[in-house]
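Engineer: So here's data-v1.tsv, just TSV, C-alpha atoms:
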```tsv
chain	number	residue	atom	x	y	z
F	60	MET	CA	-30.24	-7.40	62.01
F	61	ALA	CA	-29.68	-8.21	58.41
F	62	THR	CA	-33.33	-8.95	57.90
F	63	THR	CA	-34.40	-5.65	59.48
F	64	ARG	CA	-31.99	-3.78	57.19
F	65	GLN	CA	-33.36	-5.64	54.19
F	66	SER	CA	-36.93	-4.98	55.19
F	67	ALA	CA	-36.09	-1.29	55.75
F	68	LEU	CA	-34.59	-1.18	52.25
F	69	GLN	CA	-37.68	-2.95	50.94
F	70	ASN	CA	-39.90	-0.39	52.64
F	71	LEU	CA	-37.80	2.40	51.11
F	72	ARG	CA	-38.29	0.87	47.68
F	73	GLU	CA	-42.03	0.88	48.20
F	74	THR	CA	-42.14	4.64	48.83
F	75	LYS	CA	-43.51	7.00	46.20
F	76	VAL	CA	-40.30	9.07	46.08
F	77	TRP	CA	-38.07	6.03	45.40
F	78	LYS	CA	-40.42	4.77	42.70
F	79	SER	CA	-40.51	8.18	41.06
F	80	ILE	CA	-36.68	8.23	40.84
F	81	PHE	CA	-36.06	4.58	39.96
F	82	ARG	CA	-38.92	3.58	37.73
F	83	ARG	CA	-37.86	-0.02	37.34
F	84	GLY	CA	-37.92	-2.65	40.05
F	85	PRO	CA	-34.88	-4.40	41.52
F	86	ALA	CA	-32.27	-5.54	39.00
F	87	ASN	CA	-32.64	-9.27	39.48
F	88	THR	CA	-32.62	-10.58	35.94
F	89	ASN	CA	-30.44	-9.81	32.91
F	90	ARG	CA	-33.35	-7.88	31.42
F	91	THR	CA	-33.91	-5.68	34.47
F	92	ARG	CA	-30.14	-5.21	34.88
F	93	SER	CA	-29.93	-3.95	31.29
F	94	LEU	CA	-32.91	-1.67	31.88
F	95	ALA	CA	-31.24	-0.28	35.02
F	96	VAL	CA	-28.16	0.69	32.96
F	97	PHE	CA	-30.23	2.09	30.08
F	98	GLY	CA	-32.40	4.12	32.44
F	99	ASN	CA	-29.54	5.82	34.29
F	100	LEU	CA	-28.08	9.01	32.82
F	101	PHE	CA	-24.66	8.30	34.30
F	102	LEU	CA	-24.52	4.71	33.06
F	103	HIS	CA	-26.47	4.76	29.81
F	104	TRP	CA	-23.41	5.30	27.60
F	105	LEU	CA	-21.73	2.26	29.06
F	106	PRO	CA	-22.38	-1.13	27.48
F	107	VAL	CA	-24.95	-3.27	29.30
F	108	LYS	CA	-22.98	-6.39	28.45
F	109	VAL	CA	-19.25	-6.83	27.97
F	110	ARG	CA	-17.08	-9.78	27.03
F	111	GLU	CA	-15.25	-11.20	29.99
F	112	LYS	CA	-11.97	-10.97	28.02
F	113	SER	CA	-12.32	-7.22	27.68
F	114	LEU	CA	-12.37	-6.92	31.47
F	115	ARG	CA	-9.01	-8.65	31.90
F	116	VAL	CA	-6.20	-6.40	33.09
F	117	ARG	CA	-4.13	-7.14	30.00
F	118	ALA	CA	-6.97	-6.07	27.70
F	119	SER	CA	-6.68	-2.41	28.67
F	120	TYR	CA	-4.63	-2.04	31.88
F	121	TYR	CA	-7.66	0.18	32.72
F	122	LEU	CA	-5.65	3.08	31.28
F	123	GLY	CA	-8.70	4.91	29.93
F	124	SER	CA	-10.47	4.57	33.27
F	125	ILE	CA	-7.35	5.72	35.12
F	126	SER	CA	-7.11	8.78	32.85
F	127	PHE	CA	-10.77	9.58	33.49
F	128	ILE	CA	-10.43	9.16	37.27
F	129	LEU	CA	-7.41	11.49	37.19
F	130	PHE	CA	-9.48	13.99	35.17
F	131	ILE	CA	-12.19	13.89	37.87
F	132	VAL	CA	-9.54	14.37	40.60
F	133	LEU	CA	-8.18	17.38	38.66
F	134	PHE	CA	-11.69	18.75	38.17
F	135	VAL	CA	-12.51	18.60	41.91
F	136	THR	CA	-9.12	19.85	43.20
F	137	GLY	CA	-9.05	22.54	40.50
F	138	ILE	CA	-12.43	23.93	41.56
F	139	LEU	CA	-11.27	23.98	45.19
F	140	LEU	CA	-8.04	25.82	44.26
F	141	MET	CA	-10.09	28.45	42.42
F	142	PHE	CA	-11.54	29.59	45.76
F	143	TYR	CA	-8.14	30.99	46.78
F	144	TYR	CA	-6.65	32.08	43.44
F	145	HIS	CA	-6.88	35.44	41.62
F	146	PRO	CA	-5.74	35.32	37.98
F	147	ALA	CA	-4.02	38.71	38.19
F	148	THR	CA	-0.62	40.19	38.98
F	149	PRO	CA	0.76	40.33	41.60
F	150	HIS	CA	-1.91	38.21	43.37
F	151	ALA	CA	-1.39	35.02	41.40
F	152	TYR	CA	2.06	34.19	42.76
F	153	ARG	CA	1.12	35.23	46.32
F	154	ASP	CA	-2.08	33.17	46.19
F	155	MET	CA	-0.05	30.15	45.09
F	156	LYS	CA	2.35	30.71	48.01
F	157	ASP	CA	-0.61	31.21	50.38
F	158	LEU	CA	-2.03	27.89	49.22
F	159	GLN	CA	1.29	26.30	50.13
F	160	PHE	CA	1.90	27.95	53.50
F	161	VAL	CA	-1.26	29.59	54.84
F	162	VAL	CA	-4.43	27.86	53.63
F	163	ALA	CA	-5.43	24.78	55.65
F	164	ASN	CA	-4.66	21.68	53.57
F	165	GLY	CA	-3.88	23.99	50.64
F	166	VAL	CA	-0.51	22.40	49.99
F	167	PHE	CA	-2.19	18.98	49.84
F	168	LEU	CA	-4.72	20.18	47.25
F	169	ARG	CA	-2.14	22.00	45.17
F	170	ASN	CA	0.23	19.05	45.13
F	171	LEU	CA	-2.63	16.66	44.39
F	172	HIS	CA	-3.66	18.84	41.43
F	173	ARG	CA	-0.09	19.05	40.17
F	174	LEU	CA	0.71	15.37	40.66
F	175	ALA	CA	-2.57	14.24	39.09
F	176	ALA	CA	-1.85	16.51	36.12
F	177	HIS	CA	1.56	14.91	35.56
F	178	LEU	CA	0.07	11.44	35.96
F	179	MET	CA	-2.79	12.22	33.58
F	180	VAL	CA	-0.41	13.23	30.78
F	181	PHE	CA	1.50	10.01	31.44
F	182	ALA	CA	-1.67	7.87	31.59
F	183	VAL	CA	-3.17	9.37	28.44
F	184	PHE	CA	0.05	8.78	26.48
F	185	TRP	CA	0.30	5.21	27.75
F	186	HIS	CA	-3.38	4.69	26.88
F	187	MET	CA	-2.69	5.88	23.34
F	188	PHE	CA	0.36	3.63	22.90
F	189	HIS	CA	-1.52	0.66	24.31
F	190	VAL	CA	-4.49	1.18	22.01
F	191	PHE	CA	-2.12	1.64	19.07
F	192	TYR	CA	-0.14	-1.54	19.70
F	193	ARG	CA	-3.35	-3.54	20.15
F	194	GLY	CA	-4.63	-2.22	16.81
F	195	GLY	CA	-7.49	-0.40	18.52
F	196	TYR	CA	-7.46	2.27	15.78
F	197	LYS	CA	-8.64	-0.21	13.11
F	198	PRO	CA	-12.23	-0.28	11.78
F	199	PRO	CA	-14.78	0.20	13.26
F	200	HIS	CA	-12.81	2.24	15.81
F	201	GLU	CA	-11.24	4.85	13.47
F	202	PHE	CA	-13.47	7.74	14.56
F	203	ASN	CA	-12.97	7.02	18.25
F	204	TRP	CA	-9.20	6.89	17.66
F	205	VAL	CA	-9.35	10.41	16.20
F	206	VAL	CA	-11.46	11.62	19.16
F	207	GLY	CA	-8.82	10.09	21.42
F	208	VAL	CA	-5.99	11.93	19.64
F	209	VAL	CA	-7.90	15.22	20.06
F	210	LEU	CA	-8.37	14.35	23.76
F	211	LEU	CA	-4.59	13.84	24.04
F	212	LEU	CA	-4.07	17.33	22.56
F	213	VAL	CA	-6.67	18.81	24.94
F	214	THR	CA	-4.85	17.14	27.85
F	215	LEU	CA	-1.56	18.69	26.72
F	216	PHE	CA	-3.15	22.14	26.27
F	217	LEU	CA	-4.71	21.86	29.75
F	218	SER	CA	-1.32	20.97	31.15
F	219	TYR	CA	0.38	23.84	29.33
F	220	THR	CA	-2.19	26.51	30.26
F	221	GLY	CA	-2.05	25.36	33.89
F	222	TYR	CA	1.73	25.72	33.80
F	223	LEU	CA	1.50	29.54	33.65
F	224	LEU	CA	-0.91	29.98	36.57
F	225	PRO	CA	1.61	29.79	39.50
F	226	TRP	CA	3.18	32.89	37.86
F	227	ASP	CA	6.69	32.01	39.01
F	228	GLN	CA	9.94	32.10	37.00
F	229	LEU	CA	9.45	28.58	35.64
F	230	ALA	CA	5.92	29.44	34.47
F	231	PHE	CA	6.95	32.77	32.92
F	232	TRP	CA	9.90	31.47	30.92
F	233	ALA	CA	8.14	28.25	29.89
F	234	VAL	CA	5.31	30.27	28.40
F	235	THR	CA	7.69	32.83	26.88
F	236	VAL	CA	9.57	30.03	25.14
F	237	GLY	CA	6.40	28.09	24.19
F	238	THR	CA	4.61	31.06	22.66
F	239	ASN	CA	7.77	32.00	20.76
F	240	ILE	CA	7.68	28.51	19.25
F	241	ILE	CA	4.16	29.37	18.00
F	242	SER	CA	5.45	32.59	16.41
F	243	ALA	CA	7.93	30.53	14.39
F	244	MET	CA	4.91	29.29	12.40
F	245	PRO	CA	4.89	30.92	8.94
F	246	VAL	CA	2.52	33.84	8.19
F	247	LEU	CA	0.06	33.33	11.07
F	248	GLY	CA	2.55	32.67	13.89
F	249	ASN	CA	2.90	36.19	15.29
F	250	LYS	CA	-0.83	36.84	15.01
F	251	ILE	CA	-1.70	33.65	16.91
F	252	ARG	CA	0.86	34.52	19.60
F	253	PHE	CA	-0.62	38.01	19.93
F	254	LEU	CA	-4.14	36.62	20.30
F	255	LEU	CA	-3.08	33.92	22.77
F	256	LEU	CA	-1.14	36.36	24.98
F	257	GLY	CA	-3.48	39.31	24.49
F	258	GLY	CA	-0.38	41.42	23.80
F	259	ASN	CA	3.27	41.21	22.83
F	260	ILE	CA	4.65	40.09	26.19
F	261	VAL	CA	3.67	37.47	28.76
F	262	GLY	CA	1.75	39.83	31.06
F	263	GLU	CA	-1.52	40.16	32.89
F	264	ASN	CA	-3.62	39.62	29.75
F	265	ALA	CA	-1.79	36.38	29.04
F	266	LEU	CA	-2.36	35.16	32.60
F	267	LEU	CA	-6.09	35.86	32.37
F	268	ARG	CA	-6.41	34.24	28.93
F	269	PHE	CA	-4.57	31.12	30.02
F	270	TYR	CA	-6.73	31.01	33.16
F	271	VAL	CA	-10.01	31.15	31.22
F	272	LEU	CA	-8.75	28.51	28.79
F	273	HIS	CA	-7.59	26.34	31.70
F	274	VAL	CA	-10.68	26.51	33.91
F	275	VAL	CA	-13.56	26.93	31.44
F	276	ILE	CA	-12.97	26.32	27.76
F	277	LEU	CA	-10.62	23.32	27.73
F	278	PRO	CA	-12.43	21.39	30.54
F	279	LEU	CA	-15.75	21.87	28.70
F	280	VAL	CA	-14.22	20.58	25.47
F	281	ALA	CA	-12.65	17.68	27.36
F	282	PHE	CA	-15.95	16.72	29.03
F	283	LEU	CA	-17.80	16.78	25.71
F	284	LEU	CA	-15.15	14.70	23.95
F	285	ILE	CA	-14.88	12.22	26.85
F	286	GLY	CA	-18.67	11.72	26.61
F	287	ILE	CA	-18.41	11.02	22.88
F	288	HIS	CA	-15.36	8.78	23.45
F	289	PHE	CA	-17.13	6.57	26.04
F	290	TRP	CA	-20.34	6.42	24.02
F	291	ARG	CA	-18.48	5.39	20.87
F	292	VAL	CA	-16.68	2.56	22.69
F	293	GLN	CA	-20.11	1.03	23.24
F	294	LYS	CA	-21.43	1.82	19.77
F	295	ASP	CA	-18.32	0.36	18.13
F	296	GLY	CA	-18.86	-2.93	19.93
F	297	GLY	CA	-16.71	-2.64	23.01
F	298	LEU	CA	-12.97	-2.85	23.50
F	299	THR	CA	-10.77	-4.38	20.85
F	300	VAL	CA	-10.26	-8.03	21.69
F	301	LYS	CA	-7.49	-9.61	19.66
F	302	PRO	CA	-8.35	-12.80	17.75
F	303	LYS	CA	-5.63	-14.63	19.64
F	304	ASP	CA	-7.34	-13.67	22.90
F	305	ASP	CA	-10.44	-15.49	21.63
F	306	ASP	CA	-8.88	-18.86	22.22
F	307	GLY	CA	-11.93	-20.37	23.89
F	308	LYS	CA	-10.20	-20.49	27.24
F	309	GLY	CA	-12.17	-17.89	28.93
B	108	MET	CA	-65.04	19.64	-18.98
B	109	SER	CA	-64.04	20.60	-15.42
B	110	ASP	CA	-62.37	17.26	-15.07
B	111	ALA	CA	-60.25	17.85	-18.15
B	112	LYS	CA	-59.37	21.37	-16.94
B	113	HIS	CA	-58.36	20.05	-13.53
B	114	SER	CA	-56.14	17.36	-14.96
B	115	SER	CA	-54.43	19.83	-17.29
B	116	VAL	CA	-53.67	22.17	-14.35
B	117	THR	CA	-52.14	19.41	-12.25
B	118	GLU	CA	-50.17	18.27	-15.26
B	119	ALA	CA	-48.88	21.79	-15.80
B	120	ARG	CA	-47.98	21.96	-12.14
B	121	ARG	CA	-46.15	18.72	-12.37
B	122	ARG	CA	-44.38	19.86	-15.50
B	123	GLY	CA	-43.67	23.23	-13.86
B	124	GLN	CA	-41.98	21.56	-10.94
B	125	ARG	CA	-39.90	19.47	-13.24
B	126	GLU	CA	-38.81	22.42	-15.36
B	127	ASN	CA	-38.25	24.79	-12.44
B	128	GLU	CA	-35.26	23.39	-10.64
B	129	VAL	CA	-35.79	25.50	-7.51
B	130	SER	CA	-38.80	24.65	-5.38
B	131	ARG	CA	-40.09	27.03	-2.72
B	132	ARG	CA	-38.61	24.81	-0.01
B	133	ASP	CA	-35.18	24.76	-1.62
B	134	PHE	CA	-35.33	28.51	-2.20
B	135	LEU	CA	-36.13	29.24	1.46
B	136	ASN	CA	-33.50	26.75	2.63
B	137	GLU	CA	-30.83	28.42	0.54
B	138	ILE	CA	-31.85	31.94	1.61
B	139	THR	CA	-31.76	30.86	5.28
B	140	LEU	CA	-28.44	29.05	4.98
B	141	GLY	CA	-26.97	32.02	3.12
B	142	ALA	CA	-28.13	34.43	5.82
B	143	LEU	CA	-26.78	32.17	8.56
B	144	GLY	CA	-23.48	31.86	6.69
B	145	ILE	CA	-23.09	35.64	6.40
B	146	ALA	CA	-24.00	36.03	10.08
B	147	GLY	CA	-21.48	33.30	10.95
B	148	ILE	CA	-18.64	34.95	9.03
B	149	GLY	CA	-19.56	38.28	10.64
B	150	SER	CA	-19.51	36.82	14.13
B	151	VAL	CA	-16.12	35.21	13.49
B	152	ALA	CA	-14.82	38.62	12.37
B	153	VAL	CA	-16.16	40.53	15.40
B	154	THR	CA	-14.93	37.77	17.76
B	155	TYR	CA	-11.45	38.09	16.24
B	156	GLN	CA	-11.62	41.86	16.77
B	157	PHE	CA	-12.82	41.34	20.33
B	158	PHE	CA	-9.83	39.13	21.14
B	159	SER	CA	-7.28	41.65	19.75
B	160	PRO	CA	-6.74	44.24	22.47
B	161	ASN	CA	-6.70	47.86	21.27
B	162	VAL	CA	-4.91	49.27	24.31
B	163	LEU	CA	-1.92	47.46	25.81
B	164	PHE	CA	-0.48	48.19	29.23
B	165	GLU	CA	3.04	47.19	28.27
B	166	PRO	CA	6.37	49.01	28.76
B	167	PRO	CA	6.77	51.81	26.18
B	168	THR	CA	8.78	50.86	23.10
B	169	THR	CA	10.45	54.28	22.89
B	170	PHE	CA	12.45	55.36	25.91
B	171	ARG	CA	15.17	57.77	27.07
B	172	ALA	CA	18.41	56.14	28.15
B	173	GLY	CA	19.90	59.14	29.94
B	174	ASN	CA	22.92	61.30	29.24
B	175	PRO	CA	25.63	59.77	26.98
B	176	ASP	CA	28.26	60.60	29.62
B	177	LEU	CA	26.72	57.91	31.85
B	178	TYR	CA	28.25	55.28	29.60
B	179	PRO	CA	32.06	54.86	29.56
B	180	VAL	CA	33.79	53.98	26.29
B	181	HIS	CA	34.15	50.18	25.79
B	182	SER	CA	31.12	49.45	27.98
B	183	VAL	CA	28.03	47.28	27.67
B	184	THR	CA	25.16	48.36	29.95
B	185	PHE	CA	22.06	46.23	30.43
B	186	LEU	CA	18.81	48.14	30.95
B	187	GLN	CA	16.64	45.65	32.84
B	188	ASP	CA	13.23	47.28	32.34
B	189	GLN	CA	13.72	47.82	28.61
B	190	GLN	CA	15.65	44.61	27.91
B	191	VAL	CA	18.21	46.49	25.82
B	192	TYR	CA	22.03	46.78	25.95
B	193	ILE	CA	23.45	50.26	25.47
B	194	VAL	CA	26.89	49.64	23.99
B	195	ARG	CA	29.48	52.40	23.76
B	196	MET	CA	32.54	51.74	21.65
B	197	PRO	CA	35.16	54.22	20.38
B	198	GLU	CA	33.18	54.54	17.10
B	199	GLY	CA	29.96	55.47	18.94
B	200	PHE	CA	26.75	54.22	20.53
B	201	TYR	CA	24.44	51.41	19.55
B	202	ALA	CA	21.42	49.76	21.20
B	203	VAL	CA	21.30	45.96	20.99
B	204	SER	CA	18.23	43.91	21.90
B	205	ALA	CA	18.72	41.70	24.96
B	206	VAL	CA	15.98	39.28	23.87
B	207	CYS	CA	17.42	36.08	22.39
B	208	THR	CA	16.40	35.49	18.77
B	209	HIS	CA	15.93	31.79	19.51
B	210	LEU	CA	12.92	31.61	21.85
B	211	GLY	CA	12.74	35.00	23.52
B	212	CYS	CA	14.67	34.52	26.78
B	213	VAL	CA	16.50	37.55	28.18
B	214	THR	CA	20.26	37.26	27.66
B	215	GLN	CA	23.04	38.38	29.97
B	216	TRP	CA	26.29	40.28	29.37
B	217	LYS	CA	29.29	38.34	30.72
B	218	PRO	CA	32.08	40.91	31.22
B	219	ASP	CA	34.77	38.29	31.91
B	220	ALA	CA	34.14	36.34	28.72
B	221	GLU	CA	33.19	39.55	26.83
B	222	MET	CA	30.09	38.03	25.34
B	223	ILE	CA	26.29	38.01	25.64
B	224	ALA	CA	24.98	34.60	26.76
B	225	CYS	CA	21.46	33.19	26.86
B	226	PRO	CA	20.60	31.14	29.98
B	227	CYS	CA	17.85	29.09	28.29
B	228	HIS	CA	19.59	27.18	25.51
B	229	GLY	CA	23.16	28.47	25.51
B	230	SER	CA	23.27	30.87	22.53
B	231	LYS	CA	26.26	33.23	22.57
B	232	PHE	CA	26.70	36.65	20.94
B	233	LYS	CA	29.37	39.35	20.70
B	234	SER	CA	28.70	42.74	22.24
B	235	ASP	CA	27.59	44.05	18.83
B	236	GLY	CA	24.95	41.29	18.61
B	237	THR	CA	26.70	39.04	16.08
B	238	LYS	CA	26.15	35.37	16.74
B	239	ILE	CA	29.04	33.29	18.10
B	240	GLU	CA	27.13	30.11	18.76
B	241	GLY	CA	23.57	28.76	18.18
B	242	PRO	CA	20.83	27.64	18.54
B	243	ALA	CA	19.82	31.26	17.91
B	244	PRO	CA	19.05	31.60	14.19
B	245	ARG	CA	19.85	35.31	13.84
B	246	PRO	CA	22.11	37.95	15.45
B	247	LEU	CA	20.59	40.25	18.07
B	248	PRO	CA	18.90	43.18	16.28
B	249	HIS	CA	20.06	46.79	16.66
B	250	PHE	CA	17.43	49.39	17.56
B	251	SER	CA	17.29	52.95	16.32
B	252	ILE	CA	19.22	55.24	18.70
B	253	SER	CA	19.36	59.04	18.52
B	254	LEU	CA	19.83	62.16	20.64
B	255	THR	CA	16.93	64.25	21.94
B	256	ALA	CA	17.01	68.05	21.74
B	257	ASP	CA	18.22	68.22	25.34
B	258	GLY	CA	21.07	65.80	24.64
B	259	GLU	CA	19.74	62.47	26.02
B	260	LEU	CA	19.89	59.10	24.29
B	261	LEU	CA	16.58	58.01	22.75
B	262	VAL	CA	15.96	54.38	21.75
B	263	ASP	CA	13.05	53.19	19.59
B	264	LYS	CA	12.57	49.41	19.89
B	265	LEU	CA	10.07	49.32	17.02
B	266	GLN	CA	12.74	50.45	14.55
B	267	SER	CA	15.46	47.94	13.76
B	268	ILE	CA	18.50	49.37	11.98
B	269	LYS	CA	21.57	47.94	10.30
B	270	PRO	CA	24.47	47.22	12.71
B	271	ALA	CA	26.68	49.56	10.65
B	272	GLN	CA	24.60	52.57	11.72
B	273	VAL	CA	26.30	53.91	14.83
B	274	LEU	CA	25.39	57.06	16.79
B	275	LYS	CA	28.41	59.34	17.11
B	276	VAL	CA	28.29	61.71	20.05
```
The structure in this file should be written as structure tokens.
Structural biologist:
Amino acid sequence: MATTRQSALQNLRETKVWKSIFRRGPANTNRTRSLAVFGNLFLHWLPVKVREKSLRVRASYYLGSISFILFIVLFVTGILLMFYYHPATPHAYRDMKDLQFVVANGVFLRNLHRLAAHLMVFAVFWHMFHVFYRGGYKPPHEFNWVVGVVLLLVTLFLSYTGYLLPWDQLAFWAVTVGTNIISAMPVLGNKIRFLLLGGNIVGENALLRFYVLHVVILPLVAFLLIGIHFWRVQKDGGLTVKPKDDDGKG
Amino acid sequence: MSDAKHSSVTEARRRGQRENEVSRRDFLNEITLGALGIAGIGSVAVTYQFFSPNVLFEPPTTFRAGNPDLYPVHSVTFLQDQQVYIVRMPEGFYAVSAVCTHLGCVTQWKPDAEMIACPCHGSKFKSDGTKIEGPAPRPLPHFSISLTADGELLVDKLQSIKPAQVLKV
């Protein structure tokens, strides 16, 4: 049974289609394993070799990976929610209620999106603190630290813009209060608030602007910055491993 | 002869390049960058204009508040749609904003305690808008209030007036 499966796989690897997709042979040696990583768009920004110490739980608690997985969960559930949501009054609130009570599995998706959003803010903050206390901001990682701080801000903006979309009392007053905090900024404050809301009150324009920011602009920025962030981890020589971790024990 | 001529031309060219600080390449680069810069500033300006709506579908800032007789003396009436209190005291009428000066929540008149209270962060005001308790940084503003030709109250929320200005009817 096992041999027939292996021979079937072997036959598949011999086909023209397989060879046109995967140009290199089976990854049997270190060299071919490296080439497999280099030659794959989805893996090429990851390091082909890592130190065993940097894979230990205590080296990172996998907080960056957890944040990224949560981002993917939010991306998928968010796209699914968009199929039942109109960013307009009075539909927005009703659509949110329909997702809870009418749409099949809608309440699961909505709660998953909401819970993952809360967890992502938590995970990203923890990631930042962990990197900070391990000295991960020190050379040669300074640039990637700054990219990470911008990613934290993008995460918070995503969270805040998503807050308005249910269009309930909590959303309305949270955004009223938040945008009034912006208008406390000297000189430019009121102008920025006007542009962000598309008016003087939290109304339909504000809902649409927050929606576009939440589903298009901020996710695009986040994807771009996450790409740079991952790529720089590799280019800066992998995760920060403390000298005291390099004790020759492992 | 031709050799000497040739060498003198190349030498002049070399000297010319040294004396002229701007080469053709630099010139074209600067022209192109300048044009792109102007186009960039222009596109920022038109994008800013695009994002500032010219027509707003918001509640009107000037509104009629009905006949003065609707309001008894010593009363504070909250107009929900306009977010304004119409206050009538023995000395006359005034219109006080119902929007808290702290972070923009809508306040509420508490008749028992005779004060205006904000549900968000607990600011308190007197019926004439003066601040009793923070975190609000300023008193509630008074809006311009007048009588129309047919004797109705008219409030203009774009015009703030001094609290001393009271409409006598």
Engineer: Please, which residues of chain F lie no more than 9 Å from chain B when the count uses all atoms listed in the file, and can they be set out as a PyMOL selection string?
Structural biologist: chain F and resi 232+235-240+253-255+257-260+262-264
Engineer: Grab the CA of Glu259 in chain B to CA of Gly173 in chain B distance for me, in Å with one decimal place.
Structural biologist: 5.1 Å
Engineer: Can you measure CA of Tyr143 in chain F to CA of Val274 in chain F for me? One decimal in Å is fine.
Structural biologist: 13.9 Å
Engineer: Got a sec: who's within 10 Å of Leu94 in chain F, counting only C-alpha atoms, leaving out chain neighbours fewer than 5 positions off, as a list of chain:residue names?
Structural biologist: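 In the requested format, the answer is F:Arg82, F:Arg83, F:Gly84, F:Ala86, F:Thr88, F:Asn89, F:Asn99, F:His103, F:Val107.
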Engineer: Excluding Phe130 in chain F and any residue of its chain fewer than 3 positions from it, enumerate the residues within 8 Å of it, using all atoms listed in the file, and give them as a CSV table (one decimal) with C-alpha atoms, keeping the file's coordinate frame.
Structural biologist:
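Final output, result36.csv:
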```csv
chain,number,residue,atom,x,y,z
F,126,SER,CA,-7.1,8.8,32.8
F,127,PHE,CA,-10.8,9.6,33.5
F,133,LEU,CA,-8.2,17.4,38.7
F,134,PHE,CA,-11.7,18.8,38.2
F,175,ALA,CA,-2.6,14.2,39.1
F,179,MET,CA,-2.8,12.2,33.6
```
Engineer: Determine, counting all atoms listed in the file, which protein, DNA and RNA residues have an atom within 9 Å of an atom of range 190-192 of chain B; residues of the same chain fewer than 4 positions away are not included. Present the result as an mmCIF file with C-alpha atoms, in the coordinates of the input.
Structural biologist:
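Below you can see part-v5.cif, which holds the result:
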```cif
data_model
loop_
_atom_site.group_PDB
_atom_site.id
_atom_site.type_symbol
_atom_site.label_atom_id
_atom_site.label_comp_id
_atom_site.auth_asym_id
_atom_site.auth_seq_id
_atom_site.Cartn_x
_atom_site.Cartn_y
_atom_site.Cartn_z
ATOM 1 C CA VAL B 183 28.030 47.280 27.670
ATOM 2 C CA THR B 184 25.160 48.360 29.950
ATOM 3 C CA PHE B 185 22.060 46.230 30.430
ATOM 4 C CA LEU B 186 18.810 48.140 30.950
ATOM 5 C CA TYR B 201 24.440 51.410 19.550
ATOM 6 C CA ALA B 202 21.420 49.760 21.200
ATOM 7 C CA VAL B 203 21.300 45.960 20.990
ATOM 8 C CA SER B 204 18.230 43.910 21.900
ATOM 9 C CA ALA B 205 18.720 41.700 24.960
ATOM 10 C CA VAL B 206 15.980 39.280 23.870
ATOM 11 C CA VAL B 213 16.500 37.550 28.180
ATOM 12 C CA THR B 214 20.260 37.260 27.660
ATOM 13 C CA TRP B 216 26.290 40.280 29.370
ATOM 14 C CA SER B 234 28.700 42.740 22.240
ATOM 15 C CA PHE B 250 17.430 49.390 17.560
ATOM 16 C CA LYS B 264 12.570 49.410 19.890
#
```
Engineer: I'd like the neighbourhood of Asp154 in chain F as a VMD selection string, where a residue qualifies if any of its atoms comes within 10 Å (using only C-alpha atoms), though same-chain residues fewer than 4 positions away should be ignored.
Structural biologist: chain F and resid 140 143 to 147 149 to 150 158 to 162 225 to 226
Engineer: Please compute the CA of His273 in chain F-CA of Ile138 in chain F distance, one decimal, in Å.
Structural biologist: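 Distance reported for this atom pair: 11.2 Å.
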Engineer: Mind checking which residues fall within 9 Å of Lys269 in chain B, counting all atoms listed in the file, ignoring those fewer than 2 positions away in the same chain, and posting them as a PyMOL selection string?
Structural biologist: chain B and resi 248-251+267+271-273
Engineer: Once N, CA and C atoms are restored for range 200-209 of chain B, what would the output be as a PDB file, in the frame of the given file?
Structural biologist:
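result-v5.pdb written:
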```pdb
ATOM      1  N   PHE B 200      27.751  54.961  19.763  1.00  0.00           N
ATOM      2  CA  PHE B 200      26.750  54.220  20.530  1.00  0.00           C
ATOM      3  C   PHE B 200      25.934  53.285  19.629  1.00  0.00           C
ATOM      4  N   TYR B 201      25.554  52.142  20.157  1.00  0.00           N
ATOM      5  CA  TYR B 201      24.440  51.410  19.550  1.00  0.00           C
ATOM      6  C   TYR B 201      23.633  50.682  20.611  1.00  0.00           C
ATOM      7  N   ALA B 202      22.344  50.423  20.267  1.00  0.00           N
ATOM      8  CA  ALA B 202      21.420  49.760  21.200  1.00  0.00           C
ATOM      9  C   ALA B 202      21.135  48.364  20.647  1.00  0.00           C
ATOM     10  N   VAL B 203      21.478  47.344  21.429  1.00  0.00           N
ATOM     11  CA  VAL B 203      21.300  45.960  20.990  1.00  0.00           C
ATOM     12  C   VAL B 203      20.192  45.311  21.828  1.00  0.00           C
ATOM     13  N   SER B 204      19.302  44.602  21.175  1.00  0.00           N
ATOM     14  CA  SER B 204      18.230  43.910  21.900  1.00  0.00           C
ATOM     15  C   SER B 204      18.832  42.854  22.827  1.00  0.00           C
ATOM     16  N   ALA B 205      18.241  42.714  24.022  1.00  0.00           N
ATOM     17  CA  ALA B 205      18.720  41.700  24.960  1.00  0.00           C
ATOM     18  C   ALA B 205      17.870  40.429  24.889  1.00  0.00           C
ATOM     19  N   VAL B 206      16.876  40.434  23.967  1.00  0.00           N
ATOM     20  CA  VAL B 206      15.980  39.280  23.870  1.00  0.00           C
ATOM     21  C   VAL B 206      16.547  38.314  22.829  1.00  0.00           C
ATOM     22  N   CYS B 207      16.801  37.073  23.267  1.00  0.00           N
ATOM     23  CA  CYS B 207      17.420  36.080  22.390  1.00  0.00           C
ATOM     24  C   CYS B 207      16.532  35.809  21.173  1.00  0.00           C
ATOM     25  N   THR B 208      17.158  35.721  19.997  1.00  0.00           N
ATOM     26  CA  THR B 208      16.400  35.490  18.770  1.00  0.00           C
ATOM     27  C   THR B 208      15.945  34.038  18.640  1.00  0.00           C
ATOM     28  N   HIS B 209      16.367  33.186  19.571  1.00  0.00           N
ATOM     29  CA  HIS B 209      15.930  31.790  19.510  1.00  0.00           C
ATOM     30  C   HIS B 209      14.501  31.663  20.001  1.00  0.00           C
TER      31      HIS B 209
END
```
